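Shown here: data.tsv, TSV, C-alpha atoms.
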chain	number	residue	atom	x	y	z
A	117	MET	CA	-7.41	-9.89	11.12
A	118	LYS	CA	-8.53	-13.17	12.63
A	119	LYS	CA	-5.35	-15.24	12.35
A	120	ALA	CA	-1.82	-14.97	11.02
A	121	ILE	CA	1.52	-16.77	10.96
A	122	VAL	CA	5.11	-16.13	9.91
A	123	GLY	CA	6.84	-18.39	7.40
A	124	LYS	CA	9.42	-18.59	4.66
A	125	LYS	CA	9.26	-19.46	0.98
A	126	LEU	CA	10.79	-22.85	0.12
A	127	GLY	CA	10.15	-22.84	-3.64
A	128	MET	CA	7.54	-23.82	-6.21
A	129	THR	CA	6.21	-27.10	-7.55
A	130	GLN	CA	3.00	-28.41	-9.11
A	131	ILE	CA	0.34	-30.82	-7.89
A	132	PHE	CA	-2.82	-32.45	-9.21
A	133	LEU	CA	-6.19	-31.38	-7.81
A	134	PRO	CA	-8.86	-34.03	-7.11
A	135	ASP	CA	-10.58	-33.14	-10.38
A	136	GLY	CA	-7.39	-33.88	-12.34
A	137	ARG	CA	-6.23	-30.31	-12.99
A	138	LEU	CA	-2.51	-29.57	-12.66
A	139	VAL	CA	-1.85	-26.34	-10.74
A	140	PRO	CA	1.37	-24.50	-9.77
A	141	VAL	CA	1.85	-24.05	-6.02
A	142	THR	CA	4.31	-22.27	-3.75
A	143	VAL	CA	5.58	-24.35	-0.81
A	144	ILE	CA	5.76	-22.28	2.39
A	145	GLN	CA	7.16	-23.33	5.74
A	146	ALA	CA	4.54	-21.72	7.98
A	147	GLY	CA	5.74	-21.71	11.58
A	148	PRO	CA	5.95	-23.07	14.10
A	149	CYS	CA	5.82	-19.63	15.73
A	150	THR	CA	6.00	-18.81	19.42
A	151	VAL	CA	4.12	-15.99	21.15
A	152	VAL	CA	6.88	-13.82	22.62
A	153	GLN	CA	4.95	-10.74	23.76
A	154	LYS	CA	1.41	-9.38	24.09
A	155	LYS	CA	0.75	-5.67	23.67
A	156	THR	CA	-2.16	-4.32	25.75
A	157	MET	CA	-4.27	-1.19	25.57
A	158	GLU	CA	-3.39	-0.20	29.14
A	159	LYS	CA	0.39	-0.47	28.74
A	160	ASP	CA	1.05	0.10	25.03
A	161	GLY	CA	-2.03	1.93	23.77
A	162	TYR	CA	-3.03	-0.86	21.37
A	163	GLU	CA	-3.53	-4.61	21.32
A	164	ALA	CA	-1.23	-6.92	19.35
A	165	VAL	CA	0.59	-10.23	19.55
A	166	GLN	CA	4.30	-10.62	18.78
A	167	PHE	CA	5.34	-13.88	17.10
A	168	GLY	CA	8.85	-15.31	17.02
A	169	PHE	CA	9.93	-17.48	14.09
A	170	ASP	CA	13.00	-19.58	13.23
A	171	LYS	CA	14.63	-20.65	16.49
A	172	VAL	CA	18.32	-19.77	16.89
A	173	PRO	CA	20.53	-22.86	17.50
A	174	GLU	CA	21.97	-22.98	21.02
A	175	ASN	CA	25.56	-22.85	19.76
A	176	ARG	CA	24.78	-19.63	17.82
A	177	VAL	CA	22.85	-17.70	20.48
A	178	GLU	CA	25.88	-15.88	21.88
A	179	LYS	CA	26.94	-14.78	18.38
A	180	LEU	CA	23.56	-13.78	16.95
A	181	VAL	CA	21.54	-12.46	19.92
A	182	ASN	CA	22.53	-9.23	21.66
A	183	LYS	CA	21.84	-8.46	25.33
A	184	PRO	CA	18.57	-6.50	24.91
A	185	GLU	CA	17.15	-9.24	22.67
A	186	ALA	CA	18.32	-11.97	25.05
A	187	GLY	CA	16.58	-10.18	27.92
A	188	HIS	CA	13.39	-9.88	25.88
A	189	PHE	CA	13.30	-13.61	25.20
A	190	LYS	CA	14.30	-14.48	28.77
A	191	LYS	CA	11.44	-12.38	30.16
A	192	ALA	CA	9.00	-14.34	27.98
A	193	GLY	CA	10.62	-17.64	28.90
A	194	VAL	CA	11.10	-18.71	25.28
A	195	ALA	CA	14.12	-19.65	23.18
A	196	PRO	CA	15.70	-16.85	21.08
A	197	MET	CA	14.23	-16.45	17.58
A	198	ARG	CA	15.74	-15.02	14.40
A	199	LYS	CA	12.59	-13.12	13.40
A	200	LEU	CA	10.00	-11.18	15.38
A	201	ARG	CA	6.79	-9.92	13.80
A	202	GLU	CA	3.72	-8.29	15.32
A	203	PHE	CA	0.07	-8.76	14.34
A	204	ARG	CA	-2.99	-6.82	15.46
A	205	LEU	CA	-5.39	-9.73	15.76
A	206	ASP	CA	-9.10	-9.48	16.55
A	207	ASP	CA	-8.84	-11.63	19.69
A	208	CYS	CA	-5.41	-11.04	21.21
A	209	ALA	CA	-6.61	-12.18	24.64
A	210	ALA	CA	-6.92	-15.75	23.35
A	211	TYR	CA	-3.13	-16.01	22.98
A	212	GLU	CA	-0.71	-16.74	25.82
A	213	ILE	CA	3.02	-16.02	26.00
A	214	GLY	CA	4.93	-19.18	25.09
A	215	GLN	CA	2.03	-20.60	23.06
A	216	GLU	CA	3.05	-22.30	19.82
A	217	ILE	CA	1.26	-21.42	16.58
A	218	LYS	CA	1.37	-24.01	13.80
A	219	ALA	CA	0.30	-24.26	10.18
A	220	ASP	CA	-2.88	-26.13	11.14
A	221	ILE	CA	-4.60	-22.83	12.01
A	222	PHE	CA	-5.32	-22.71	8.25
A	223	GLU	CA	-7.33	-25.19	6.20
A	224	ALA	CA	-7.30	-26.20	2.54
A	225	GLY	CA	-9.59	-23.96	0.51
A	226	GLU	CA	-9.06	-20.86	2.65
A	227	LYS	CA	-8.07	-17.53	1.10
A	228	VAL	CA	-4.99	-15.71	2.44
A	229	ASP	CA	-3.01	-12.51	1.89
A	230	ILE	CA	0.76	-13.03	1.74
A	231	THR	CA	3.32	-10.25	2.25
A	232	GLY	CA	7.02	-10.48	1.39
A	233	ILE	CA	9.99	-8.50	0.09
A	234	SER	CA	10.25	-8.70	-3.70
A	235	LYS	CA	13.39	-9.88	-5.46
A	236	GLY	CA	16.05	-7.27	-6.16
A	237	HIS	CA	16.91	-6.47	-9.79
A	238	GLY	CA	19.61	-3.89	-9.18
A	239	TYR	CA	19.84	-0.74	-11.29
A	240	THR	CA	17.48	-1.07	-14.26
A	241	GLY	CA	16.19	1.18	-17.03
A	242	ALA	CA	12.73	2.66	-17.37
A	243	ILE	CA	11.55	-0.08	-19.74
A	244	GLN	CA	12.08	-2.91	-17.25
A	245	ARG	CA	11.39	-0.87	-14.12
A	246	TRP	CA	8.21	0.91	-15.25
A	247	ASN	CA	7.14	-1.25	-18.22
A	248	GLN	CA	7.55	1.66	-20.64
A	249	HIS	CA	7.53	1.11	-24.40
A	250	THR	CA	10.73	1.03	-26.42
A	251	GLY	CA	11.58	3.52	-29.12
A	252	PRO	CA	11.57	2.51	-32.80
A	253	MET	CA	13.83	-0.48	-33.37
A	254	ALA	CA	14.89	0.73	-36.85
A	255	HIS	CA	18.58	1.45	-37.44
A	256	GLY	CA	17.98	5.13	-38.04
A	257	SER	CA	16.19	5.70	-34.74
A	258	LYS	CA	19.32	5.61	-32.56
A	259	TYR	CA	17.07	5.77	-29.49
A	260	HIS	CA	15.79	2.36	-28.49
A	261	ARG	CA	15.61	1.91	-24.70
A	262	GLY	CA	15.89	5.47	-23.40
A	263	VAL	CA	13.53	7.02	-20.85
A	264	GLY	CA	11.86	9.34	-23.39
A	265	SER	CA	10.87	12.96	-22.90
A	266	LEU	CA	11.67	14.31	-19.41
A	267	SER	CA	10.47	17.94	-19.40
A	268	ALA	CA	10.15	21.18	-21.36
A	269	ASN	CA	13.37	23.19	-21.59
A	270	SER	CA	12.02	26.70	-20.93
A	271	ASP	CA	9.06	26.13	-18.65
A	272	PRO	CA	9.31	24.51	-16.10
A	273	SER	CA	13.03	24.00	-16.97
A	274	ARG	CA	13.26	21.11	-14.57
A	275	VAL	CA	12.23	17.48	-14.18
A	276	PHE	CA	9.18	17.00	-11.98
A	277	LYS	CA	9.45	14.85	-8.86
A	278	ASN	CA	8.31	11.23	-9.15
A	279	LYS	CA	9.15	11.08	-12.84
A	280	HIS	CA	9.49	7.46	-13.94
A	281	MET	CA	13.21	7.07	-14.57
A	282	ALA	CA	15.95	4.45	-14.33
A	283	GLY	CA	17.00	3.38	-10.84
A	284	HIS	CA	16.96	0.68	-8.21
A	285	TYR	CA	14.27	-1.91	-8.93
A	286	GLY	CA	12.80	-4.43	-6.50
A	287	VAL	CA	13.38	-5.07	-2.76
A	288	GLU	CA	9.96	-3.63	-1.92
A	289	ARG	CA	7.23	-4.80	0.43
A	290	VAL	CA	4.62	-6.53	-1.74
A	291	THR	CA	1.31	-8.10	-0.75
A	292	ILE	CA	-0.54	-10.63	-2.93
A	293	GLN	CA	-4.21	-10.93	-1.96
A	294	ASN	CA	-6.78	-13.70	-2.23
A	295	LEU	CA	-4.42	-16.64	-2.74
A	296	SER	CA	-5.97	-20.07	-2.23
A	297	ILE	CA	-4.50	-22.68	0.10
A	298	VAL	CA	-4.46	-25.95	-1.82
A	299	GLN	CA	-3.04	-28.23	0.85
A	300	VAL	CA	-1.95	-28.10	4.51
A	301	ASP	CA	0.73	-30.45	5.87
A	302	ALA	CA	0.55	-29.84	9.62
A	303	GLU	CA	3.16	-32.47	10.51
A	304	ARG	CA	5.85	-30.72	8.44
A	305	SER	CA	4.44	-27.19	8.98
A	306	LEU	CA	3.90	-26.68	5.24
A	307	LEU	CA	1.33	-24.68	3.31
A	308	LEU	CA	0.85	-25.21	-0.43
A	309	VAL	CA	-0.54	-22.00	-1.89
A	310	ARG	CA	-1.78	-21.74	-5.47
A	311	GLY	CA	0.30	-19.36	-7.56
A	312	ALA	CA	3.40	-17.29	-6.87
A	313	VAL	CA	4.28	-15.21	-3.81
A	314	PRO	CA	6.76	-12.31	-3.46
A	315	GLY	CA	10.44	-12.80	-2.76
A	316	PRO	CA	13.27	-15.28	-3.28
A	317	LYS	CA	13.67	-18.75	-1.80
A	318	GLU	CA	14.14	-18.61	1.99
A	319	GLY	CA	12.49	-15.17	1.95
A	320	LEU	CA	10.38	-14.21	4.97
A	321	LEU	CA	6.60	-14.21	4.47
A	322	LEU	CA	3.66	-12.98	6.54
A	323	ILE	CA	0.51	-15.05	5.97
A	324	ARG	CA	-2.87	-13.64	7.07
A	325	ASN	CA	-6.49	-14.48	6.41
A	326	THR	CA	-7.63	-12.38	3.47
A	327	CYS	CA	-9.22	-8.98	4.06
A	328	LYS	CA	-11.47	-9.31	0.99
A	329	ALA	CA	-13.32	-12.51	1.84
File written out as structure tokens:
Amino acid sequence: MKKAIVGKKLGMTQIFLPDGRLVPVTVIQAGPCTVVQKKTMEKDGYEAVQFGFDKVPENRVEKLVNKPEAGHFKKAGVAPMRKLREFRLDDCAAYEIGQEIKADIFEAGEKVDITGISKGHGYTGAIQRWNQHTGPMAHGSKYHRGVGSLSANSDPSRVFKNKHMAGHYGVERVTIQNLSIVQVDAERSLLLVRGAVPGPKEGLLLIRNTCKA
């Protein structure tokens, strides 16, 4: 990938495009991020850049940052961050430890891929979790939202693995590709992206230039 940044979802709103169309957008606080570490082929076996996001307040450092983490940030000479994420960028040599990455690396009209953790829905049935069809809704059916047939009773006499059943739904890593950036507010480190992105408000997001351009 050519460029990337870490951010968090602030919510959704709608704006007018220059041609008068009203479009829904997600407001993302993209950065500022600080380069905390550079991985090299000689030392680590691969090249990557580690970004830190969401600076820890000074009065909370002792409570939230343990000794190994504190040493890691001290070695880089940067303030402790709540989140660390690593990206394998095409030109890692262009980044320096302590460098600040802001939202202005992106421009309006660019396409991006956004990764986040989807909202949790708890324990749900097969109809909501797997989009299965309901049974007959007539009174005599007596089987409306069940999972349906599971297996034959004599052969194989068991339920196959990976059968779509009820269970925990959500809280999964999800990537939405080819989203358009409608507007960039570099002063406030905001990106307005057309459409919805994974996760709840304040959820962590990884924004990268799209791989399908």
How close does each residue of range 195-287 of chain A get to range 305-318 of chain A, giving the shortest atom pair and distance in Å to one decimal for every residue with an atom at most 6 Å away, counting only C-alpha atoms, sorted by chain and residue number, as a tab-separated table?
residue	atom	partner	partner_atom	distance
A:Ala219	CA	A:Ser305	CA	5.2
A:Gly232	CA	A:Pro314	CA	5.2
A:Ile233	CA	A:Gly315	CA	5.2
A:Ser234	CA	A:Gly315	CA	4.2
A:Lys235	CA	A:Gly315	CA	5.0
How about saving the chosen residues, C-alpha atoms kept, as an mmCIF file, keeping the file's coordinate frame?
data_model
loop_
_atom_site.group_PDB
_atom_site.id
_atom_site.type_symbol
_atom_site.label_atom_id
_atom_site.label_comp_id
_atom_site.auth_asym_id
_atom_site.auth_seq_id
_atom_site.Cartn_x
_atom_site.Cartn_y
_atom_site.Cartn_z
ATOM 1 C CA ALA A 219 0.300 -24.260 10.180
ATOM 2 C CA GLY A 232 7.020 -10.480 1.390
ATOM 3 C CA ILE A 233 9.990 -8.500 0.090
ATOM 4 C CA SER A 234 10.250 -8.700 -3.700
ATOM 5 C CA LYS A 235 13.390 -9.880 -5.460
#
Dump as JSON lines the rows for residues of range 180-221 of chain A within 9 Å of range 134-149 of chain A: closest atom pair and distance in Å with one decimal, only C-alpha atoms counted, ordered by chain and rising residue number.
{"residue": "A:Gln215", "atom": "CA", "partner": "A:Cys149", "partner_atom": "CA", "distance": 8.3}
{"residue": "A:Glu216", "atom": "CA", "partner": "A:Cys149", "partner_atom": "CA", "distance": 5.6}
{"residue": "A:Ile217", "atom": "CA", "partner": "A:Cys149", "partner_atom": "CA", "distance": 5.0}
{"residue": "A:Lys218", "atom": "CA", "partner": "A:Pro148", "partner_atom": "CA", "distance": 4.7}
{"residue": "A:Ala219", "atom": "CA", "partner": "A:Ala146", "partner_atom": "CA", "distance": 5.4}
To one decimal in Å, tell me the separation between CA of Val228 in chain A and CA of Tyr162 in chain A.
24.1 Å
Need to verify the contact set: Ala209 in chain A, 10 Å, only C-alpha atoms, exclusion of same-chain residues closer than 2 positions in sequence. Can you return it as a VMD selection string?
chain A and resid 154 to 156 163 to 165 205 to 207 211 to 212
Go ahead and compute the interatomic distance for CA of Lys124 in chain A and CA of Lys191 in chain A, in Å to one decimal.
26.3 Å
Counting only C-alpha atoms, the option among A:Asn247, A:Ser270, A:Thr150, A:Gln299 closest to Ala195 in chain A:
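Checking each of A:Asn247, A:Ser270, A:Thr150, A:Gln299 against Ala195 in chain A, counting only C-alpha atoms, the winner is A:Thr150.
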Between CA of Leu320 in chain A and CA of Lys119 in chain A - distance in Å to one decimal
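For CA of Lys119 in chain A relative to CA of Leu320 in chain A, the distance reads 17.4 Å.
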Expected residue set, 7 Å radius at (-6.0, -23.0, -1.3), all atoms listed in the file, as a PyMOL selection string
chain A and resi 224-227+295-299+309-310
Once you count all atoms listed in the file, which residues end up no further than 12 Å from (14.8, -6.6, -9.7) in the file's frame, shown as an NGL selection string?
:A and (233-241 or 244-246 or 283-288 or 314-316)
Counting all atoms listed in the file, which residue out of A:Val194, A:Arg204, A:Glu185, A:Pro173 sits closest to Met157 in chain A?
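Between A:Val194, A:Arg204, A:Glu185, A:Pro173, the residue approaching Met157 in chain A most closely is A:Arg204.
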Using 5 Å of padding on each side, determine the axis-aligned box around all atoms of range 232-251 of chain A present in the file and give its centre and edge lengths in Å to one decimal, as lines of an AutoDock Vina configuration file.
center_x = 13.4
center_y = -3.5
center_z = -13.9
size_x = 22.8
size_y = 24.0
size_z = 40.5
Quick one: everything within 12 Å of Arg176 in chain A, counting only C-alpha atoms, minus sequence neighbours fewer than 6 positions away in the same chain. Send it as a list in words.
Asn182, Ala195, Pro196, Met197 and Arg198 of chain A
Which of these residues is nearest to Phe222 in chain A, using all atoms listed in the file: A:Ala192, A:Val290, A:Leu322, A:Ala302?
A:Ala302
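Closest to Cys208 in chain A among A:Ala120, A:Leu180, A:Ile230, A:Ile221 is A:Ala120, based on all atoms listed in the file.
Shortest atom-to-atom contact with Asp301 in chain A among A:Ile323, A:Gly123, A:Glu223, A:Ala282: A:Glu223, counting only C-alpha atoms.
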Rebuild range 251-273 of chain A to N, CA and C atoms - output it as a short mmCIF file (atom, residue, chain, number, x, y, z; two decimals), keeping the file's coordinate frame, please.
data_model
loop_
_atom_site.label_atom_id
_atom_site.label_comp_id
_atom_site.auth_asym_id
_atom_site.auth_seq_id
_atom_site.Cartn_x
_atom_site.Cartn_y
_atom_site.Cartn_z
N GLY A 251 11.62 2.68 -27.94
CA GLY A 251 11.58 3.52 -29.12
C GLY A 251 11.58 2.66 -30.37
N PRO A 252 11.53 3.28 -31.56
CA PRO A 252 11.57 2.51 -32.80
C PRO A 252 12.83 1.66 -32.87
N MET A 253 12.68 0.42 -33.30
CA MET A 253 13.83 -0.48 -33.37
C MET A 253 14.58 -0.39 -34.70
N ALA A 254 14.20 0.56 -35.56
CA ALA A 254 14.89 0.73 -36.85
C ALA A 254 16.30 1.27 -36.64
N HIS A 255 17.18 1.03 -37.58
CA HIS A 255 18.58 1.45 -37.44
C HIS A 255 18.70 2.96 -37.33
N GLY A 256 17.84 3.69 -38.03
CA GLY A 256 17.98 5.13 -38.04
C GLY A 256 17.47 5.81 -36.79
N SER A 257 16.76 5.08 -35.93
CA SER A 257 16.19 5.70 -34.74
C SER A 257 17.26 6.19 -33.77
N LYS A 258 18.22 5.31 -33.48
CA LYS A 258 19.32 5.61 -32.56
C LYS A 258 18.84 5.93 -31.14
N TYR A 259 17.57 5.57 -30.86
CA TYR A 259 17.07 5.77 -29.49
C TYR A 259 16.07 4.66 -29.20
N HIS A 260 16.59 3.58 -28.62
CA HIS A 260 15.79 2.36 -28.49
C HIS A 260 15.22 2.15 -27.08
N ARG A 261 16.04 2.26 -26.06
CA ARG A 261 15.61 1.91 -24.70
C ARG A 261 15.78 3.08 -23.74
N GLY A 262 15.75 4.30 -24.26
CA GLY A 262 15.89 5.47 -23.40
C GLY A 262 14.60 5.77 -22.65
N VAL A 263 14.67 6.71 -21.72
CA VAL A 263 13.53 7.02 -20.85
C VAL A 263 12.48 7.85 -21.58
N GLY A 264 12.83 8.51 -22.67
CA GLY A 264 11.86 9.34 -23.39
C GLY A 264 11.91 10.78 -22.93
N SER A 265 10.90 11.54 -23.25
CA SER A 265 10.87 12.96 -22.90
C SER A 265 10.81 13.14 -21.39
N LEU A 266 11.61 14.07 -20.86
CA LEU A 266 11.67 14.31 -19.41
C LEU A 266 10.94 15.58 -19.01
N SER A 267 11.11 16.69 -19.78
CA SER A 267 10.47 17.94 -19.40
C SER A 267 10.65 18.95 -20.53
N ALA A 268 9.95 20.07 -20.43
CA ALA A 268 10.15 21.18 -21.36
C ALA A 268 11.40 21.97 -20.95
N ASN A 269 12.09 22.57 -21.93
CA ASN A 269 13.37 23.19 -21.59
C ASN A 269 13.23 24.61 -21.06
N SER A 270 12.13 25.33 -21.41
CA SER A 270 12.02 26.70 -20.93
C SER A 270 11.07 26.83 -19.73
N ASP A 271 9.99 26.10 -19.77
CA ASP A 271 9.06 26.13 -18.65
C ASP A 271 8.50 24.72 -18.47
N PRO A 272 8.78 24.00 -17.37
CA PRO A 272 9.31 24.51 -16.10
C PRO A 272 10.83 24.47 -15.98
N SER A 273 11.55 24.05 -17.01
CA SER A 273 13.03 24.00 -16.97
C SER A 273 13.56 23.10 -15.87
#
